[in-house]
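Next up, target_38.txt (compact mmCIF, C-alpha atoms):
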# COMPACT_ATOMS: atom_id res chain seq x y z
CA MET A 1 0.00 0.00 0.00
CA ASP A 2 1.33 3.41 -0.90
CA PHE A 3 1.71 6.46 1.32
CA LEU A 4 -1.51 8.14 0.15
CA GLY A 5 -3.54 5.02 0.92
CA ILE A 6 -2.29 4.94 4.53
CA ILE A 7 -3.09 8.64 4.94
CA VAL A 8 -6.59 8.10 3.54
CA ILE A 9 -7.25 5.23 5.98
CA ILE A 10 -6.07 7.28 8.98
CA LEU A 11 -8.16 10.27 7.86
CA THR A 12 -11.23 8.08 7.39
CA LEU A 13 -10.88 6.70 10.92
CA ILE A 14 -10.57 10.23 12.36
CA LEU A 15 -13.53 11.35 10.22
CA ILE A 16 -15.80 8.56 11.48
CA LEU A 17 -14.73 9.03 15.11
CA ALA A 18 -15.28 12.80 14.94
CA ALA A 19 -18.70 12.36 13.30
CA LEU A 20 -19.74 9.87 16.02
CA PHE A 21 -18.41 12.25 18.67
CA VAL A 22 -20.55 15.09 17.25
CA ILE A 23 -23.65 12.95 17.76
CA LYS A 24 -22.74 11.48 21.14
CA THR A 25 -21.34 14.42 23.09
CA LYS A 26 -23.58 16.50 25.32
CA ASP A 27 -21.40 19.60 25.23
CA LEU A 28 -22.37 21.62 22.18
CA VAL A 29 -19.10 23.56 21.97
CA THR A 30 -17.04 20.37 21.60
CA ALA A 31 -19.63 19.10 19.11
CA VAL A 32 -19.10 22.22 16.98
CA VAL A 33 -15.32 21.83 17.14
CA ALA A 34 -15.62 18.15 16.17
CA SER A 35 -17.86 19.05 13.21
CA ALA A 36 -15.19 21.53 12.12
CA VAL A 37 -12.73 18.63 12.19
CA VAL A 38 -15.14 16.64 9.98
CA SER A 39 -15.25 19.56 7.53
CA LEU A 40 -11.46 19.88 7.53
CA ILE A 41 -10.97 16.20 6.72
CA ALA A 42 -13.69 16.40 4.06
CA SER A 43 -11.84 19.28 2.43
CA ILE A 44 -8.61 17.25 2.42
CA TYR A 45 -10.59 14.46 0.74
CA PHE A 46 -11.91 16.84 -1.90
CA TYR A 47 -8.34 17.86 -2.61
CA ILE A 48 -7.16 14.24 -2.88
CA LEU A 49 -10.08 13.48 -5.21
CA GLN A 50 -8.98 16.35 -7.48
CA ALA A 51 -11.75 18.82 -6.68
CA PRO A 52 -9.74 21.78 -5.36
CA ASP A 53 -12.61 24.21 -6.02
CA VAL A 54 -14.85 22.36 -3.59
CA ALA A 55 -11.96 21.91 -1.15
CA LEU A 56 -11.48 25.70 -0.95
CA THR A 57 -15.17 26.26 -0.31
CA GLU A 58 -15.35 23.54 2.32
CA ALA A 59 -12.26 24.86 4.11
CA ALA A 60 -13.45 28.47 4.18
CA ILE A 61 -17.16 27.93 4.89
CA GLY A 62 -17.23 24.62 6.77
CA VAL A 63 -14.24 25.17 9.02
CA GLY A 64 -14.26 28.97 9.39
CA LEU A 65 -17.58 30.70 9.00
CA SER A 66 -20.12 28.05 9.99
CA THR A 67 -18.13 27.20 13.14
CA ILE A 68 -18.20 30.80 14.33
CA ILE A 69 -21.91 31.14 13.50
CA PHE A 70 -22.65 28.02 15.58
CA MET A 71 -20.48 29.41 18.38
CA ILE A 72 -22.42 32.70 18.43
CA THR A 73 -25.69 30.79 18.49
CA ILE A 74 -24.52 28.64 21.42
CA ARG A 75 -23.37 31.77 23.23
CA LYS A 76 -26.84 33.23 22.85
CA THR A 77 -28.64 30.05 23.95
CA ARG A 78 -27.31 27.19 26.12
CA ARG A 79 -24.10 25.24 26.06
CA ASP A 80 -25.25 21.80 27.17
CA GLU A 81 -27.68 19.50 25.47
CA GLU A 82 -30.48 17.97 27.52
CA MET B 83 -49.77 4.27 14.98
CA ARG B 84 -47.32 7.04 14.16
CA LYS B 85 -44.45 4.58 14.02
CA ALA B 86 -46.39 2.30 11.69
CA LEU B 87 -47.16 5.28 9.46
CA ALA B 88 -43.50 6.28 9.45
CA VAL B 89 -42.44 2.76 8.50
CA PHE B 90 -45.07 2.75 5.74
CA PHE B 91 -43.82 6.03 4.21
CA LEU B 92 -40.20 4.96 4.56
CA ALA B 93 -41.05 1.73 2.75
CA ILE B 94 -42.62 3.69 -0.12
CA LEU B 95 -39.58 5.99 -0.29
CA GLY B 96 -37.21 3.03 -0.13
CA TYR B 97 -39.10 1.21 -2.90
CA TYR B 98 -38.83 4.14 -5.29
CA MET B 99 -35.18 4.83 -4.44
CA LEU B 100 -34.41 1.15 -5.05
CA ALA B 101 -36.34 1.21 -8.32
CA VAL B 102 -34.34 4.24 -9.51
CA LEU B 103 -31.01 2.82 -8.37
CA LEU B 104 -31.64 -0.57 -10.00
CA ASN B 105 -32.17 1.14 -13.34
CA PHE B 106 -28.97 3.09 -12.87
CA PRO B 107 -26.27 1.67 -15.12
CA PHE B 108 -23.57 0.83 -12.58
CA GLY B 109 -20.28 -0.21 -14.06
CA ILE B 110 -20.87 1.91 -17.13
CA ASP B 111 -19.01 5.13 -16.51
CA HIS B 112 -21.76 7.74 -16.74
CA LEU B 113 -25.36 8.14 -17.75
CA ASN B 114 -24.26 10.35 -20.64
CA PRO B 115 -20.51 10.02 -21.10
CA GLU B 116 -20.66 12.11 -24.27
CA LEU B 117 -21.68 15.25 -22.36
CA ALA B 118 -18.82 15.20 -19.85
CA GLY B 119 -16.37 14.49 -22.63
CA ALA B 120 -17.75 17.38 -24.66
CA TYR B 121 -17.31 19.76 -21.73
CA LEU B 122 -13.73 18.66 -21.17
CA ARG B 123 -12.86 18.76 -24.87
CA ASP B 124 -14.50 21.96 -26.06
CA THR B 125 -14.50 24.25 -23.02
CA VAL B 126 -11.08 25.82 -23.49
CA SER B 127 -11.66 26.58 -27.17
CA LYS B 128 -15.24 27.80 -26.69
CA THR B 129 -15.01 29.89 -23.52
CA GLY B 130 -11.27 30.58 -23.25
CA ALA B 131 -11.22 29.65 -19.55
CA ALA B 132 -8.49 27.21 -18.52
CA ASN B 133 -10.49 26.14 -15.44
CA VAL B 134 -13.33 23.95 -16.69
CA VAL B 135 -15.25 24.18 -13.40
CA THR B 136 -15.34 27.97 -13.61
CA SER B 137 -16.43 27.93 -17.22
CA ILE B 138 -19.34 25.64 -16.30
CA VAL B 139 -20.33 27.67 -13.23
CA VAL B 140 -20.14 31.11 -14.86
CA ASN B 141 -20.63 30.45 -18.55
CA TYR B 142 -22.73 27.36 -19.20
CA ARG B 143 -24.66 27.66 -15.92
CA GLY B 144 -24.30 31.41 -15.42
CA PHE B 145 -27.99 31.90 -14.76
CA ASP B 146 -27.84 29.39 -11.87
CA THR B 147 -24.95 31.34 -10.39
CA LEU B 148 -27.02 34.52 -10.52
CA GLY B 149 -29.73 32.62 -8.63
CA GLU B 150 -27.22 31.46 -6.00
CA VAL B 151 -25.96 35.01 -5.51
CA THR B 152 -29.55 36.13 -5.07
CA VAL B 153 -30.19 33.41 -2.49
CA LEU B 154 -27.13 34.52 -0.50
CA PHE B 155 -28.27 38.14 -0.75
CA LEU B 156 -31.74 37.25 0.54
CA ALA B 157 -30.29 35.21 3.42
CA ALA B 158 -27.97 38.05 4.46
CA THR B 159 -30.78 40.60 4.19
CA GLY B 160 -33.15 38.48 6.24
CA MET B 161 -30.52 37.92 8.91
CA GLY B 162 -29.75 41.63 9.05
CA ALA B 163 -33.46 42.46 9.33
CA LEU B 164 -33.91 39.95 12.18
CA LEU B 165 -30.79 40.73 14.18
CA TYR B 166 -30.24 44.43 13.59
CA LYS B 167 -29.90 46.47 16.76
CA GLY B 168 -29.15 50.14 17.01
CA LYS B 169 -26.61 49.85 19.79
CA THR B 170 -23.92 47.24 20.21
CA MET B 171 -23.81 45.11 23.34
CA GLY B 172 -20.51 46.21 24.82
CA ARG B 173 -18.21 44.30 22.56
CA SER B 174 -15.18 46.30 23.69
CA ARG B 175 -14.92 44.53 27.04
CA GLN B 176 -12.58 41.62 26.46
CA ASN B 177 -9.67 41.78 24.07
CA ALA B 178 -7.60 38.88 22.78
CA SER B 179 -4.05 38.32 23.95
CA VAL B 180 -1.11 40.29 22.53
CA ILE B 181 0.08 37.32 20.48
CA VAL B 182 -3.28 36.89 18.77
CA LYS B 183 -3.57 40.63 18.15
CA ALA B 184 -0.09 40.98 16.64
CA GLY B 185 -0.46 37.78 14.60
CA SER B 186 -3.82 38.74 13.19
CA ARG B 187 -2.53 42.21 12.25
CA LEU B 188 0.25 40.47 10.35
CA LEU B 189 -2.00 37.89 8.70
CA PHE B 190 -5.00 40.07 7.82
CA PRO B 191 -3.55 41.75 4.66
CA LEU B 192 -2.16 38.42 3.46
CA ILE B 193 -5.57 36.75 3.80
CA ILE B 194 -7.25 39.62 1.93
CA ILE B 195 -4.65 39.37 -0.86
CA LEU B 196 -5.15 35.58 -1.04
CA GLY B 197 -8.92 36.05 -1.37
CA ALA B 198 -8.49 38.70 -4.09
CA TYR B 199 -6.04 36.40 -5.90
CA VAL B 200 -8.50 33.51 -5.74
CA PHE B 201 -11.36 35.46 -7.29
CA ILE B 202 -9.30 37.40 -9.85
CA HIS B 203 -7.68 34.20 -11.09
CA GLY B 204 -10.92 32.20 -10.94
CA HIS B 205 -10.76 31.34 -14.64
CA LEU B 206 -7.17 30.05 -14.39
CA THR B 207 -6.70 28.38 -11.01
CA PRO B 208 -9.04 26.55 -8.62
CA GLY B 209 -11.48 28.74 -6.80
CA GLY B 210 -13.59 31.66 -7.81
CA GLY B 211 -15.91 34.36 -6.56
CA PHE B 212 -17.54 32.40 -3.77
CA GLN B 213 -14.30 30.94 -2.46
CA GLY B 214 -12.45 34.25 -2.63
CA GLY B 215 -15.30 36.08 -0.93
CA ALA B 216 -15.43 33.50 1.84
CA ILE B 217 -11.65 33.79 2.37
CA ILE B 218 -11.95 37.60 2.62
CA ALA B 219 -14.80 37.25 5.11
CA SER B 220 -12.72 34.84 7.21
CA GLY B 221 -9.93 37.44 7.25
CA PHE B 222 -12.37 40.00 8.63
CA LEU B 223 -13.54 37.35 11.11
CA LEU B 224 -9.97 37.09 12.41
CA MET B 225 -9.96 40.83 13.02
CA PHE B 226 -13.39 40.71 14.71
CA ILE B 227 -12.16 38.00 17.06
CA SER B 228 -8.85 39.60 17.99
CA TYR B 229 -9.98 43.23 18.24
CA ARG B 230 -13.33 43.33 19.95
CA ASN B 231 -13.95 46.97 19.03
CA TYR B 232 -12.97 46.52 15.39
CA HIS B 233 -15.88 47.83 13.37
CA VAL B 234 -16.76 47.91 9.69
CA ASN B 235 -18.87 50.48 7.90
CA HIS B 236 -22.14 48.82 6.95
CA ARG B 237 -23.04 51.59 4.52
CA ILE B 238 -19.88 50.93 2.45
CA LEU B 239 -20.47 47.17 2.64
CA SER B 240 -24.04 47.40 1.38
CA ASN B 241 -22.98 49.80 -1.38
CA VAL B 242 -20.27 47.37 -2.52
CA GLU B 243 -22.78 44.52 -2.36
CA SER B 244 -25.46 46.22 -4.44
CA THR B 245 -22.97 47.63 -6.97
CA ALA B 246 -21.39 44.21 -7.51
CA GLY B 247 -24.78 42.52 -7.89
CA SER B 248 -25.87 45.18 -10.39
CA ILE B 249 -22.64 44.69 -12.38
CA PHE B 250 -23.41 40.97 -12.69
CA VAL B 251 -26.92 41.69 -14.01
CA ILE B 252 -25.68 44.49 -16.31
CA ILE B 253 -23.05 42.18 -17.85
CA GLY B 254 -25.82 39.65 -18.44
CA LEU B 255 -28.06 42.26 -20.04
CA LEU B 256 -25.20 43.47 -22.26
CA GLY B 257 -24.96 39.90 -23.51
CA LEU B 258 -28.66 40.09 -24.36
CA LEU B 259 -28.16 43.45 -26.08
CA TYR B 260 -25.07 42.73 -28.17
CA GLY B 261 -25.36 38.97 -28.48
CA ALA B 262 -28.27 36.57 -28.48
CA THR B 263 -28.79 35.36 -24.91
CA PHE B 264 -28.54 36.55 -21.31
CA LEU B 265 -24.94 36.33 -20.02
CA GLU B 266 -23.55 35.64 -23.48
CA ASN B 267 -19.83 36.22 -23.80
CA ILE B 268 -19.51 39.50 -25.71
CA MET B 269 -15.83 40.19 -25.10
CA PRO B 270 -12.87 38.71 -27.00
CA LEU B 271 -11.76 35.36 -25.61
CA GLY B 272 -8.02 36.05 -25.71
CA ILE B 273 -5.35 33.43 -25.29
CA PRO B 274 -6.17 30.71 -22.73
CA ASN B 275 -4.02 30.62 -19.57
CA LYS B 276 -3.44 34.38 -19.69
CA LEU B 277 -4.90 36.68 -17.04
CA PHE B 278 -6.84 38.74 -19.60
CA SER B 279 -8.71 35.91 -21.23
CA ALA B 280 -12.09 34.15 -21.14
CA GLY B 281 -14.14 37.26 -21.94
CA VAL B 282 -16.62 38.25 -19.25
CA ILE B 283 -15.86 35.36 -16.84
CA PRO B 284 -13.20 37.24 -14.80
CA LEU B 285 -15.39 40.36 -14.63
CA ILE B 286 -18.35 38.36 -13.32
CA TYR B 287 -16.17 36.52 -10.81
CA ILE B 288 -14.62 39.75 -9.53
CA ALA B 289 -18.14 41.13 -9.01
CA VAL B 290 -19.23 37.90 -7.26
CA GLY B 291 -16.11 37.97 -5.08
CA PHE B 292 -16.75 41.52 -3.88
CA LYS B 293 -20.41 40.73 -3.31
CA VAL B 294 -19.89 37.54 -1.33
CA GLY B 295 -17.07 39.06 0.72
CA ALA B 296 -19.11 42.13 1.64
CA GLU B 297 -22.22 40.07 2.39
CA LEU B 298 -20.51 37.55 4.66
CA THR B 299 -18.54 40.26 6.46
CA ALA B 300 -21.70 42.26 7.15
CA LEU B 301 -23.47 39.09 8.27
CA LEU B 302 -20.69 38.13 10.71
CA ASP B 303 -20.54 41.66 12.13
CA THR B 304 -24.31 41.75 12.62
CA MET B 305 -24.21 38.38 14.40
CA LEU B 306 -21.21 39.25 16.56
CA LYS B 307 -22.86 42.49 17.66
CA THR B 308 -25.68 40.55 19.28
CA VAL B 309 -23.42 38.71 21.76
CA LYS B 310 -21.45 40.17 24.60
Encoding of this model in structure tokens:
Amino acid sequence: MDFLGIIVIILTLILILAALFVIKTKDLVTAVVASAVVSLIASIYFYILQAPDVALTEAAIGVGLSTIIFMITIRKTRRDEE
Amino acid sequence: MRKALAVFFLAILGYYMLAVLLNFPFGIDHLNPELAGAYLRDTVSKTGAANVVTSIVVNYRGFDTLGEVTVLFLAATGMGALLYKGKTMGRSRQNASVIVKAGSRLLFPLIIILGAYVFIHGHLTPGGGFQGGAIIASGFLLMFISYRNYHVNHRILSNVESTAGSIFVIIGLLGLLYGATFLENIMPLGIPNKLFSAGVIPLIYIAVGFKVGAELTALLDTMLKTVK
């Protein structure tokens, strides 16, 4: 197996764990950070799959802007899930 | 009762999805392989844009892009109408640390230049108006986070936004006037892979970049003003 294949397997494991963590955790702030991790790994995938246009969008919107918008919303409401 | 109903509707949905997927020719490369090949083969000679994705987004599907820009405009306007407050809620209380402040001062112009590069070179390299605008907005976000009393002029932002949107529509109408269809390329194509090539595509992407950047910046500032 080549180098890229090993990286893809590691990234997939992190992606699945982070996505499960988003669902399972009760603390919304850590859930938002974990979903940013999911977006980051997805953007690396888009780059590997030769879609750099989509990778740029995912990195800027998914990791940057949507995270801060979720953070503001949590700040205005409550931090813990029932 | 409700669960039985849910299972019933899910079964209907699953049946139709299965029926569609079973008719899908797996193993054969595409439903219409001729179309994708035609895009890849003819795009550079027809539109002059080296980036095929950009030529599809702005040229072949330019009307869809205008719709997307309108959707973003409506979302930003609705958010501004819902969240607008005359006075800010004391955002100048906590500042970031010295390291964050100095670093963001250093990085801010570089991020803005990167965003401008991405949308000016949208027809040559990956990226385009939306990506460049989002990068510019994330640069402003860095400044909002590190300097709590950093403020932007909403009047300038909304002027930039409406001017850029009007330029998009005017370019489209000029295509209708001098050519045959809305958003038709009326300018010379130039040599592919040069900065001044691809006709109206760079102009439209510059307008979209300014518009998206101004919209997202105004949106972030409006949202950040509502929290302490």
Show me which bits of chain B are within 6 Å of chain A, counting only C-alpha atoms, as a PyMOL selection string. chain B and resi 208-209+213+216-217
The selected residues should be written to file as a PDB file, keeping the file's coordinate frame (atoms: C-alpha atoms).
ATOM      1  CA  PRO B 208      -9.040  26.550  -8.620  1.00  0.00           C
ATOM      2  CA  GLY B 209     -11.480  28.740  -6.800  1.00  0.00           C
ATOM      3  CA  GLN B 213     -14.300  30.940  -2.460  1.00  0.00           C
ATOM      4  CA  ALA B 216     -15.430  33.500   1.840  1.00  0.00           C
ATOM      5  CA  ILE B 217     -11.650  33.790   2.370  1.00  0.00           C
TER       6      ILE B 217
END
What does the distance between atom CA of Ile202 of chain B and atom CA of Ile288 of chain B come to in Å, to one decimal place?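 Straight-line distance from atom CA of Ile202 of chain B to atom CA of Ile288 of chain B works out to 5.8 Å.
Take the candidates B:Gly185, B:Gly204, B:Gly214, B:Gly96 and check each one against Phe292 of chain B using only C-alpha atoms; the shortest distance goes to B:Gly214.
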In Å, how far is it from atom CA of Ile238 of chain B to atom CA of Tyr166 of chain B?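 Atom CA of Ile238 of chain B sits 16.5 Å away from atom CA of Tyr166 of chain B.
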Quick one, how far is atom CA of Leu277 of chain B from atom CA of Thr207 of chain B?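 So the answer is 10.4 Å.
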Pick the closest to Ser248 of chain B from B:Asn267, B:Asn235, B:Thr152, B:Asn141: which is it, counting only C-alpha atoms? B:Thr152
Tell me which protein, DNA and RNA residues are within 6 Å of segment 250-259 of chain B, counting all atoms listed in the file, leaving out same-chain ones fewer than 5 positions away, and put them as a list in words.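 Surrounding residues, per the criterion: Phe264, Leu265, Glu266, Ile268 and Ile286 of chain B.
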Can you list, as a PyMOL selection string, every protein, DNA or RNA residue that comes within 8 Å of Ile74 of chain A when you count all atoms listed in the file, leaving out same-chain residues fewer than 4 positions away? chain A and resi 28-29+70+78-79
Would you kindly return, as a ChimeraX atom specification, each protein, DNA or RNA residue with an atom no farther than 10 Å from any atom of Thr125 of chain B, considering all atoms listed in the file and excluding same-chain residues fewer than 2 positions away? /B:119-123,127-135,137-138,141-142
For a cutoff of 12 Å around the file-coordinate point (-18.0, 50.1, 2.3), which residues qualify once you count all atoms listed in the file? I'd like the result as a list in words.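 Using all atoms listed in the file, the matching residues come out as His233, Val234, Asn235, His236, Arg237, Ile238, Leu239, Ser240, Asn241, Val242, Glu243, Ser244, Thr245, Ala246, Phe292, Lys293, Gly295, Ala296, Glu297, Thr299 and Ala300 of chain B.
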Contact residues around segment 13-17 of chain A with only C-alpha atoms at 8 Å, ignoring same-chain residues under 6 positions, as a PDB file with C-alpha atoms, in the coordinates of the input:
ATOM      1  CA  VAL A  37     -12.730  18.630  12.190  1.00  0.00           C
ATOM      2  CA  VAL A  38     -15.140  16.640   9.980  1.00  0.00           C
ATOM      3  CA  ILE A  41     -10.970  16.200   6.720  1.00  0.00           C
ATOM      4  CA  ALA A  42     -13.690  16.400   4.060  1.00  0.00           C
TER       5      ALA A  42
END
